[in-house]
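See below for the structure under consideration.
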Amino acid sequence: MQTESSSSSASADAGGSTAVAPPSANQPVSKKMRRLMMRFAPERAAESDGLTYAELDRALENVRLRFNPGDKVVGRVVQFEPDGALVDIGAKASAFLPLLEVSMNAVERVQDVLSLGEERQFQVIGYEDSDGQLRLSVRRLEYAIAWTRVQQMQAEDVTAFAEVMSVNRGGAMMRIEGLRAFLPGSHLVVGHSSTEKMRESGRMEDLIGSTLPVKFLEVTPDKSRMVVSHRRALAEQNIGQLEVGALVQGVVRGSKPYGVFVEVAGVAGLLHISQVSHSHVADLNAVFTVGETIKALVISQDKEKGRVSLSTKVLEPEPGDMLRTPQVVYEQAETMAARYKERLEAEERARAEYANDIVSGLGMASLDSLGIPSDPGASAGSLLEELGKSRPAKPPSSNTSALNAEDNGNQGRGDEGKPNGAGGGSSE
């Protein structure tokens with residue numbers, strides 16, 4: 001434990017320490033010192049305006065300041081030591097700031113972070129020792145601020161950028177806001193540009209030093225636990241680019257009896273067994289291999305869940321090509337995707353024309369005149385439903401009423417009201 005001494009204060013070279021000259025007895029009390037008085041001696045604070053330090057000492061000679069671990073105090077750096085710094089916080093003796101508590105980041109010298117005479121906030125981390133000296137920390141304050149920032153980032157669901165510090169079999173250790181976070185291997189996307197070094201070498205160690213976009217999965221300050229996901233960050237970033245009709249390249253991650261799971265730029269995709277080929281598929285494992293890179297077409301998407309549905313069937317030049325020669329399907333994928341897109345556009349135009357024909361038959365200028373938004377992508381059935389809602393019910397015409405009355409009368413007369421030959425029995 002370090003204590004302030006007149007010899008170390010007088011000479012910077014004698015003990016390897018550097019000190020700042022204390023304020024003179026006739027110097028006016030600083031504003032921060034008055035704020036300290038407001039906290040610890042409010043009954044004397046009102047008298048501190050215009051006081052010198054000598055007058056302040058006399059005014060506070062019967063006041064004993066009490067500090068407890070966890071207290072936040074404002075202090076002034078008065079002396080550097082080889083293993084820390086002395087800080088004046090208005091206590092009986094100058095408090096000691098150990099080198100390890102200077103910053104949440106590793107530092108070699110206190111001078112690299114603090115300056116002599118600097119006033120700032122510290123946290124008390126221990127009771128007074130036998131010499132009346134307290135221990136302080138800046139590191140713990142910085143950690144508390146960093147955890148608060150990370151919690152806010154998680155609440156706002158923002159994408160953070162984290163540096164890979166180390167790797168192991170389970171995943172990678174990251175650094176975010178100076179805090180350690182864990183990235184599970186199952187949430188790391190290898191086929192993305194941010195992990196290109198690892199993709200080329202196949203070694204997790206090549207990720208060290210890389211910066212990856214991540215989303216927060218768990219933030220628990222009490223346990224100093226933070227878990228992040230590279231996959232979720234990429235899914236949010238790329239889902240908007242995976243529009244229906246887009247040709248994509250992905251990696252097969254798993255197979256089930258009903259379909260194959262494909263990872264496309266961090267987005268989870270499902271290639272259902274019914275969308276693999278025009279021919280019957282008996283065994284998906286005979287068509288795809290886990291880890292294989294394939295091409296497929298996006299046929300639907302769910303932006304909220306970050307998922308897409310895929311198809312290789314629409315890319316087949318001939319029915320059954322995915323089962324016989326999948327490489328041919330991939331080679332001609334661009335051409336078949338363009339044809340599929342043209343077909344979608346033609347269907348949209350046909351729907352729009354069909355809807356306009358219905359409107360023309362009603363004698364309306366356009367769908368807008370009925371209060372129906374003109375959406376080319378809407379199905380004909382939905383447009384007909386909207387048209388049915390918007391058309392007023394017509395009252396029955398007089399001819400219709402007469403026919404209904406006649407029918408009712410015929411039903412009451414039985415066979416007498418039927419025309420010749422309509423009766424159920426013989427005329428004889």
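FYI, nothing fancy with the structure tokens labels: chains A, B, ... in order, residues from 1 per chain, ligands from 1 as they appear.
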Among stretch 83-276 of chain A, which ones does DSSP place in helix (DSSP H, G or I), written as a CSV table (one decimal) with N, CA, C and O atoms, in the first residue's frame?
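To be explicit, this is the file written out as result.csv:
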```
chain,number,residue,atom,x,y,z
A,99,LEU,N,-2.5,0.2,-10.4
A,99,LEU,CA,-2.3,0.2,-11.9
A,99,LEU,C,-3.4,-0.7,-12.6
A,99,LEU,O,-3.9,-0.3,-13.6
A,100,LEU,N,-3.7,-1.8,-12.0
A,100,LEU,CA,-4.7,-2.7,-12.5
A,100,LEU,C,-6.1,-2.1,-12.6
A,100,LEU,O,-7.0,-2.6,-13.3
A,101,GLU,N,-6.3,-1.1,-11.8
A,101,GLU,CA,-7.6,-0.5,-11.7
A,101,GLU,C,-7.7,0.8,-12.4
A,101,GLU,O,-8.7,1.5,-12.4
A,110,VAL,N,0.4,4.5,-15.5
A,110,VAL,CA,-0.7,5.3,-15.2
A,110,VAL,C,-0.7,6.6,-16.1
A,110,VAL,O,-1.8,7.1,-16.5
A,111,GLN,N,0.5,7.1,-16.4
A,111,GLN,CA,0.6,8.3,-17.2
A,111,GLN,C,0.0,8.2,-18.6
A,111,GLN,O,-0.3,9.2,-19.2
A,112,ASP,N,-0.2,6.9,-19.0
A,112,ASP,CA,-0.8,6.7,-20.4
A,112,ASP,C,-2.3,7.0,-20.4
A,112,ASP,O,-2.9,7.1,-21.4
A,139,ARG,N,-11.5,1.3,-13.5
A,139,ARG,CA,-11.9,0.1,-14.3
A,139,ARG,C,-13.3,-0.3,-14.1
A,139,ARG,O,-14.1,-0.6,-15.0
A,140,ARG,N,-13.7,-0.4,-12.8
A,140,ARG,CA,-15.0,-0.8,-12.5
A,140,ARG,C,-16.1,0.1,-12.9
A,140,ARG,O,-17.2,-0.3,-13.3
A,141,LEU,N,-15.8,1.4,-12.9
A,141,LEU,CA,-16.8,2.4,-13.4
A,141,LEU,C,-16.9,2.2,-14.9
A,141,LEU,O,-18.0,2.3,-15.5
A,142,GLU,N,-15.8,2.0,-15.6
A,142,GLU,CA,-15.9,1.8,-17.1
A,142,GLU,C,-16.6,0.5,-17.4
A,142,GLU,O,-17.4,0.5,-18.4
A,143,TYR,N,-16.4,-0.5,-16.7
A,143,TYR,CA,-17.2,-1.8,-16.9
A,143,TYR,C,-18.7,-1.6,-16.8
A,143,TYR,O,-19.5,-2.0,-17.6
A,144,ALA,N,-19.1,-0.9,-15.7
A,144,ALA,CA,-20.5,-0.6,-15.5
A,144,ALA,C,-21.1,0.2,-16.6
A,144,ALA,O,-22.2,-0.1,-17.1
A,145,ILE,N,-20.4,1.2,-17.1
A,145,ILE,CA,-20.8,2.0,-18.3
A,145,ILE,C,-20.9,1.1,-19.5
A,145,ILE,O,-21.9,1.2,-20.3
A,146,ALA,N,-19.9,0.3,-19.7
A,146,ALA,CA,-19.9,-0.6,-20.9
A,146,ALA,C,-21.1,-1.6,-20.9
A,146,ALA,O,-21.8,-1.8,-21.9
A,147,TRP,N,-21.4,-2.2,-19.8
A,147,TRP,CA,-22.5,-3.1,-19.7
A,147,TRP,C,-23.9,-2.4,-19.9
A,147,TRP,O,-24.8,-2.9,-20.5
A,148,THR,N,-24.0,-1.1,-19.4
A,148,THR,CA,-25.2,-0.4,-19.7
A,148,THR,C,-25.4,-0.1,-21.1
A,148,THR,O,-26.5,-0.2,-21.7
A,149,ARG,N,-24.3,0.2,-21.8
A,149,ARG,CA,-24.3,0.5,-23.3
A,149,ARG,C,-24.8,-0.8,-24.0
A,149,ARG,O,-25.6,-0.7,-24.9
A,150,VAL,N,-24.2,-1.9,-23.6
A,150,VAL,CA,-24.5,-3.2,-24.3
A,150,VAL,C,-26.0,-3.6,-24.1
A,150,VAL,O,-26.6,-4.0,-25.0
A,151,GLN,N,-26.5,-3.4,-22.9
A,151,GLN,CA,-27.9,-3.7,-22.6
A,151,GLN,C,-28.8,-2.8,-23.5
A,151,GLN,O,-29.8,-3.3,-24.0
A,152,GLN,N,-28.4,-1.5,-23.6
A,152,GLN,CA,-29.2,-0.7,-24.5
A,152,GLN,C,-29.2,-1.1,-25.9
A,152,GLN,O,-30.2,-1.1,-26.6
A,153,MET,N,-28.0,-1.5,-26.4
A,153,MET,CA,-27.9,-2.0,-27.8
A,153,MET,C,-28.7,-3.3,-28.0
A,153,MET,O,-29.4,-3.4,-29.0
A,154,GLN,N,-28.8,-4.1,-27.0
A,154,GLN,CA,-29.6,-5.3,-27.1
A,154,GLN,C,-31.1,-5.0,-27.1
A,154,GLN,O,-31.9,-5.5,-27.9
A,155,ALA,N,-31.5,-4.0,-26.3
A,155,ALA,CA,-32.9,-3.6,-26.2
A,155,ALA,C,-33.3,-3.0,-27.5
A,155,ALA,O,-34.5,-3.1,-28.0
A,185,GLY,N,-20.1,-21.6,-32.3
A,185,GLY,CA,-19.7,-22.0,-33.6
A,185,GLY,C,-21.0,-22.2,-34.5
A,185,GLY,O,-20.9,-22.0,-35.7
A,186,SER,N,-22.1,-22.6,-33.9
A,186,SER,CA,-23.3,-22.7,-34.7
A,186,SER,C,-23.9,-21.4,-35.2
A,186,SER,O,-24.8,-21.4,-36.0
A,187,HIS,N,-23.4,-20.3,-34.6
A,187,HIS,CA,-23.9,-19.0,-35.0
A,187,HIS,C,-22.9,-18.2,-35.9
A,187,HIS,O,-23.0,-17.0,-36.0
A,193,SER,N,-18.3,-12.9,-46.7
A,193,SER,CA,-17.1,-12.2,-47.0
A,193,SER,C,-16.3,-11.8,-45.7
A,193,SER,O,-15.1,-11.7,-45.7
A,194,SER,N,-17.0,-11.6,-44.6
A,194,SER,CA,-16.4,-11.3,-43.3
A,194,SER,C,-15.5,-12.4,-42.8
A,194,SER,O,-14.7,-12.2,-41.9
A,195,THR,N,-15.8,-13.6,-43.2
A,195,THR,CA,-15.0,-14.8,-42.8
A,195,THR,C,-14.3,-15.4,-44.0
A,195,THR,O,-14.0,-16.6,-44.0
A,196,GLU,N,-13.9,-14.6,-44.9
A,196,GLU,CA,-13.3,-15.1,-46.1
A,196,GLU,C,-11.9,-15.8,-45.8
A,196,GLU,O,-11.6,-16.8,-46.4
A,197,LYS,N,-11.2,-15.2,-44.9
A,197,LYS,CA,-9.9,-15.8,-44.6
A,197,LYS,C,-10.0,-17.3,-44.1
A,197,LYS,O,-9.3,-18.2,-44.5
A,198,MET,N,-11.0,-17.5,-43.2
A,198,MET,CA,-11.2,-18.8,-42.7
A,198,MET,C,-11.8,-19.7,-43.8
A,198,MET,O,-11.4,-20.9,-43.8
A,199,ARG,N,-12.6,-19.2,-44.7
A,199,ARG,CA,-13.1,-20.1,-45.8
A,199,ARG,C,-12.0,-20.6,-46.7
A,199,ARG,O,-12.0,-21.7,-47.1
A,200,GLU,N,-11.0,-19.7,-46.9
A,200,GLU,CA,-9.9,-20.1,-47.8
A,200,GLU,C,-9.0,-21.1,-47.1
A,200,GLU,O,-8.5,-22.1,-47.8
A,201,SER,N,-8.8,-21.0,-45.9
A,201,SER,CA,-7.8,-21.8,-45.2
A,201,SER,C,-8.5,-23.0,-44.5
A,201,SER,O,-7.8,-24.0,-44.3
A,204,MET,N,-10.0,-22.1,-38.1
A,204,MET,CA,-10.7,-21.1,-37.2
A,204,MET,C,-9.7,-20.0,-36.7
A,204,MET,O,-10.1,-18.9,-36.5
A,205,GLU,N,-8.4,-20.4,-36.5
A,205,GLU,CA,-7.4,-19.4,-36.0
A,205,GLU,C,-7.3,-18.2,-36.9
A,205,GLU,O,-6.9,-17.1,-36.5
A,206,ASP,N,-7.6,-18.4,-38.2
A,206,ASP,CA,-7.5,-17.2,-39.1
A,206,ASP,C,-8.5,-16.2,-38.9
A,206,ASP,O,-8.5,-15.1,-39.6
A,207,LEU,N,-9.5,-16.4,-38.1
A,207,LEU,CA,-10.5,-15.4,-37.8
A,207,LEU,C,-10.0,-14.4,-36.8
A,207,LEU,O,-10.6,-13.3,-36.6
A,221,PRO,N,-25.3,-8.9,-17.2
A,221,PRO,CA,-24.2,-8.2,-16.4
A,221,PRO,C,-23.8,-8.9,-15.1
A,221,PRO,O,-22.6,-9.0,-14.8
A,222,ASP,N,-24.8,-9.4,-14.4
A,222,ASP,CA,-24.6,-10.0,-13.1
A,222,ASP,C,-23.6,-11.2,-13.2
A,222,ASP,O,-22.9,-11.4,-12.2
A,223,LYS,N,-23.7,-11.9,-14.3
A,223,LYS,CA,-22.9,-13.1,-14.5
A,223,LYS,C,-21.7,-12.8,-15.4
A,223,LYS,O,-21.0,-13.7,-15.8
A,230,HIS,N,-23.4,-14.2,-35.2
A,230,HIS,CA,-23.0,-13.7,-36.5
A,230,HIS,C,-24.1,-14.0,-37.5
A,230,HIS,O,-24.4,-13.2,-38.4
A,231,ARG,N,-24.7,-15.1,-37.4
A,231,ARG,CA,-25.7,-15.6,-38.3
A,231,ARG,C,-26.9,-14.6,-38.3
A,231,ARG,O,-27.5,-14.3,-39.4
A,232,ARG,N,-27.4,-14.2,-37.1
A,232,ARG,CA,-28.6,-13.4,-37.1
A,232,ARG,C,-28.3,-12.0,-37.7
A,232,ARG,O,-29.2,-11.4,-38.3
A,233,ALA,N,-27.1,-11.5,-37.5
A,233,ALA,CA,-26.8,-10.2,-38.1
A,233,ALA,C,-26.8,-10.3,-39.6
A,233,ALA,O,-27.3,-9.3,-40.3
A,234,LEU,N,-26.3,-11.3,-40.2
A,234,LEU,CA,-26.2,-11.5,-41.6
A,234,LEU,C,-27.7,-11.7,-42.2
A,234,LEU,O,-28.0,-11.2,-43.2
A,235,ALA,N,-28.5,-12.5,-41.4
A,235,ALA,CA,-29.8,-12.7,-41.9
A,235,ALA,C,-30.6,-11.4,-42.0
A,235,ALA,O,-31.3,-11.2,-43.0
A,236,GLU,N,-30.5,-10.5,-41.0
A,236,GLU,CA,-31.2,-9.3,-41.1
A,236,GLU,C,-30.7,-8.4,-42.2
A,236,GLU,O,-31.4,-7.7,-42.9
A,237,GLN,N,-29.4,-8.5,-42.4
A,237,GLN,CA,-28.7,-7.6,-43.4
A,237,GLN,C,-29.1,-8.1,-44.9
A,237,GLN,O,-29.2,-7.3,-45.8
A,238,ASN,N,-29.2,-9.4,-45.0
A,238,ASN,CA,-29.4,-10.0,-46.4
A,238,ASN,C,-30.8,-10.4,-46.8
A,238,ASN,O,-31.0,-10.6,-48.0
A,239,ILE,N,-31.7,-10.5,-45.8
A,239,ILE,CA,-33.0,-11.0,-46.2
A,239,ILE,C,-33.7,-10.0,-47.2
A,239,ILE,O,-34.5,-10.5,-48.0
A,240,GLY,N,-33.4,-8.7,-47.1
A,240,GLY,CA,-34.1,-7.8,-48.0
A,240,GLY,C,-33.6,-8.0,-49.5
A,240,GLY,O,-34.3,-7.6,-50.4
A,241,GLN,N,-32.4,-8.6,-49.7
A,241,GLN,CA,-31.9,-8.8,-51.0
A,241,GLN,C,-32.4,-10.1,-51.6
A,241,GLN,O,-32.2,-10.3,-52.8
A,273,ILE,N,-39.0,-31.0,-50.3
A,273,ILE,CA,-38.9,-32.2,-51.2
A,273,ILE,C,-39.7,-32.0,-52.5
A,273,ILE,O,-39.3,-32.5,-53.5
A,274,SER,N,-40.8,-31.3,-52.4
A,274,SER,CA,-41.7,-31.1,-53.5
A,274,SER,C,-41.1,-30.1,-54.5
A,274,SER,O,-41.6,-30.0,-55.6
A,275,GLN,N,-40.1,-29.3,-54.1
A,275,GLN,CA,-39.5,-28.3,-54.9
A,275,GLN,C,-38.1,-28.7,-55.4
A,275,GLN,O,-37.4,-27.9,-56.0
```
Could you write out, as a PyMOL selection string, all the residues of stretch 57-285 of chain A that DSSP marks as strand (DSSP E or B)? chain A and resi 72-81+84-88+95-98+119-126+135-137+160-168+171-176+179-184+211-220+225-229+247-256+259-264+267-272
Could you list, as a VMD selection string, every residue within 9 Å of stretch 329-344 of chain A, counting only C-alpha atoms and ignoring same-chain residues fewer than 6 positions away? chain A and resid 244 to 247 294 to 297 312 314 to 318 321 to 322
If you count only C-alpha atoms, which residues fall within 8 Å of A:Leu97, apart from same-chain ones fewer than 5 positions away, as a PyMOL selection string? chain A and resi 84-87+102+135-137
Write out as a ChimeraX atom specification the residues lying within 8 Å of stretch 169-176 of chain A, counting only C-alpha atoms and excluding same-chain residues fewer than 6 positions away. /A:160-163,182-186,188
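Residues with any atom within 9 Å of A:Asp71, counting only C-alpha atoms and excluding same-chain neighbours fewer than 5 positions away, are Phe122, Gln123, Val124 and Ile125 of chain A.
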Of the candidates A:Val328, A:Lys215, A:Ser311, A:Arg203, which one gets nearest to A:His272 if we count only C-alpha atoms? A:Ser311
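Distances from A:Leu212, A:Val359, A:Leu242, A:Val77 to A:Phe96 were compared using only C-alpha atoms, and the smallest one belongs to A:Val77.
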